[in-house]
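**Student:** Mind having a look at this structure? Questions to follow.
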Amino acid sequence: MPYLDHAATTPMLPEAIAAMTEQLGRVGNASSLHAPGRHARRVVEESREIIAAAFGARPSEVIFTSGGTEADNLAVKGLYWRGRDAGRNRVVAGAVEHHAVLDAVHWLAEHEGADVVLLPPDRHGRISPEALAEAVTDDTALVTVMWANNEVGTIQPVAELAEVARSRGVPFHSDAVQAAGVLDVRLDGDPAPDALTISAHKLGGPLGVGALLLARGVDPTPVLHGGGQERDVRSGTLDTPAIAGFAAAVETASARREETARRLTALRDDLIARVRAAVPDAVLNGDPADRLPGNAHFSFPGCEGDALLMLLDAQGIACSTGSACSAGVAQPSHVLLAMGLTSEQARGSLRFSLGHTSTPEDLTPLIQALPPAVERARRAGLT
């Protein structure tokens with residue numbers, strides 16, 4: 001079965017499975033002082049060091065969470081609340097953010113009185129530093145713009161955006177969930193974000209664990225309260241086996257990052273060319289070149305994306321209409337609408353995403369199945 005939905009989740013790496021399995025048979029709470037607890041703590045802290053090294057952070061700057069959504073909420077809400085305490089009430093975000101960021105921003109507007117500004121992208125989904133500079137005011141508490149878009153794959157000018165925020169003394173957060181593992185994502189760049197979100201299952205680790213990388217001196221107000229396990233910023237018993245698997249995945253993905261990016265870029269370009277040849281009126285969305293190595297996102301005129309997805313699924317081909325977090329929601333992608341596509345164009349789109357298990361052999365069944373599926377979907381749309 002050709003699996004072309006690695007952006008939703010990618011198979012666990014063998015190294016991550018082995019590391020996690022080794023810890024599953026052990027007992028011990030990393031906050032306990034006895035020997036089993038100290039063993040769990042050692043695993044957690046060694047994992048923290050591995051993840052920190054891979055992303056240019058100090059170990060103390062790695063805050064473990066239950067995944068990308070929690071990390072995004074902690075960054076967006078926590079940094080807003082911290083800024084509000086200092087009299088700052090504005091949140092500036094990209095209009096093409098993942099819902100984990102976008103919905104948190106809207107929640108702040110509806111329940112906390114935040115003044116929210118959404119930055120419109122260009123037709124490729126890119127946020128311009130000039131637009132950010134115009135939107136940032138003296139009362140801005142937070143800027144959040146993702147490193148690379150999870151739907152269309154466009155890579156954002158993160159360094160330039162971070163510089164704009166830094167020049168105005170505003171914390172800059174970036175959701176790097178899709179970028180980590182295939183791009184050079186770092187907290188110690190110059191300039192670099194003050195906070196980064198990463199998630200294990202997007203780069204070959206287990207589901208249900210992630211991290212918020214917080215630069216020293218950046219202290220959001222906690223969203224969860226309890227034992228204060230993670231720098232008094234995030235409470236909750238740490239999942240030692242998942243953290244071990246997370247670290248093993250990060251270490252492996254980091255070591256292979258450049259090779260993986262080159263291979264996936266070539267495979268992605270081949271996929272794009274073959275889809276265009278098979279369905280000549282298919283429209284590639286996102287930046288034609290400056291995009292994630294494994295991302296190919298198309299609109300198919302006259303088709304409903306959900307119908308096309310199910311027709312391909314019936315042929316054993318797994319892909320997506322966009323973010324897995326929005327699957328089954330009967331509305332067009334906010335990302336595509338913000339980029340200027342019509343509702344009809346947005347609804348007729350599919351995302352094909354590649355990952356570490358992808359091979360050239362995965363493409364042939366898709367190219368064979370796609371033209372008849374598109375034709376059938378178009379006929380269904382006329383009835």
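Going through the structure tokens in order, the chains are called A, B, and so on, while each chain numbers its residues from 1 and the ligands are numbered from 1 in the order shown.
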Where in region 240-344 of chain A does DSSP assign strand (DSSP E or B), given as a ChimeraX atom specification?
**Tutor:** /A:283-285,291,295-299,318,320
**Student:** Kindly export the residues of the current selection with C-alpha atoms, as an mmCIF file, in the first residue's frame.
**Tutor:**
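What follows is the written file result_10.cif:
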data_model
loop_
_atom_site.group_PDB
_atom_site.id
_atom_site.type_symbol
_atom_site.label_atom_id
_atom_site.label_comp_id
_atom_site.auth_asym_id
_atom_site.auth_seq_id
_atom_site.Cartn_x
_atom_site.Cartn_y
_atom_site.Cartn_z
ATOM 1 C CA VAL A 283 -2.437 22.893 -10.196
ATOM 2 C CA LEU A 284 0.524 22.734 -7.815
ATOM 3 C CA ASN A 285 -0.092 24.768 -4.659
ATOM 4 C CA ARG A 291 8.956 23.948 -0.057
ATOM 5 C CA ASN A 295 5.401 17.855 0.074
ATOM 6 C CA ALA A 296 3.368 17.925 -3.171
ATOM 7 C CA HIS A 297 -0.033 19.623 -2.915
ATOM 8 C CA PHE A 298 -2.392 19.825 -5.910
ATOM 9 C CA SER A 299 -5.800 21.183 -6.816
ATOM 10 C CA ALA A 318 -3.172 6.722 1.306
ATOM 11 C CA SER A 320 -4.791 13.510 2.450
#
**Student:** As a count of residues only, please: every residue in region 135-296 of chain A that a backbone DSSP assignment puts in alpha helix (DSSP H).
**Tutor:** 49
**Student:** Go through A:Ala100, A:Val233, A:Ala165, A:Ala54 and flag the residue nearest Leu183 (chain A), using only C-alpha atoms for the distances.
**Tutor:**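 Of the candidates, the smallest distance to Leu183 (chain A) is held by A:Ala54.
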**Student:** Which one of A:Ala266, A:Ala75, A:Val223, A:Leu292 sits closest to Ala195 (chain A) if you count only C-alpha atoms?
**Tutor:**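 Between A:Ala266, A:Ala75, A:Val223, A:Leu292, the residue approaching Ala195 (chain A) most closely is A:Ala75.
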**Student:** Counting only C-alpha atoms, figure out which residue out of A:Arg58, A:Arg376, A:Arg26, A:His111 gets nearest to Arg216 (chain A).
**Tutor:** A:Arg58
**Student:** Between region 197-239 of chain A and region 32-51 of chain A, at 10 Å or less, what are the per-residue closest atom pairs and their distances in Å? Count only C-alpha atoms, order by chain and rising residue number, and return it as a tab-separated table.
**Tutor:**
residue	atom	partner	partner_atom	distance
A:Ala211	CA	A:Ile51	CA	9.2
A:Leu213	CA	A:Ile51	CA	9.6
A:Leu238	CA	A:Val44	CA	8.1
A:Asp239	CA	A:Val44	CA	8.6
**Student:** Okay, now the selection with N, CA and C atoms, as a tab-separated table (two decimals), in the first residue's frame?
**Tutor:**
chain	number	residue	atom	x	y	z
A	211	ALA	N	7.75	18.63	22.22
A	211	ALA	CA	8.51	19.54	23.07
A	211	ALA	C	8.30	20.97	22.61
A	213	LEU	N	10.63	24.20	22.72
A	213	LEU	CA	11.97	24.70	23.00
A	213	LEU	C	11.85	26.17	23.34
A	238	LEU	N	6.11	12.71	33.51
A	238	LEU	CA	6.78	12.55	32.22
A	238	LEU	C	6.67	11.12	31.72
A	239	ASP	N	6.42	10.97	30.44
A	239	ASP	CA	6.29	9.67	29.79
A	239	ASP	C	7.68	9.20	29.37
**Student:** I'd like the contact shell of region 227-230 of chain A - 9 Å cut-off, only C-alpha atoms, skipping same-chain residues fewer than 2 positions apart - returned as a PyMOL selection string.
**Tutor:** chain A and resi 31+62-65+222+224-225+232-238
**Student:** Go through A:Thr140, A:Pro301, A:Ala244, A:Leu370 one by one, measure the shortest atom-to-atom distance of each to Ala314 (chain A) using only C-alpha atoms, and give the residue with the smallest value.
**Tutor:**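 Of A:Thr140, A:Pro301, A:Ala244, A:Leu370, the one nearest Ala314 (chain A), counting only C-alpha atoms, is A:Leu370.
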**Student:** Identify which of the residues A:Ala215, A:Ala289, A:Ala282, A:Leu336 lies closest to Asp269 (chain A), counting only C-alpha atoms when measuring atom-to-atom distances.
**Tutor:** A:Ala289
**Student:** Using only C-alpha atoms, determine which residues lie at most 7 Å from Asp139 (chain A), disregarding the query and same-chain residues fewer than 5 positions distant; provide the list as a PyMOL selection string.
**Tutor:** chain A and resi 87-90
**Student:** If we count only C-alpha atoms and set the cut-off at 7 Å, which residues sit around Thr321 (chain A), ignoring sequence neighbours fewer than 6 positions away in its own chain? Please answer as JSON, numbers by chain.
**Tutor:** {"A": [305, 306, 349, 350, 351]}
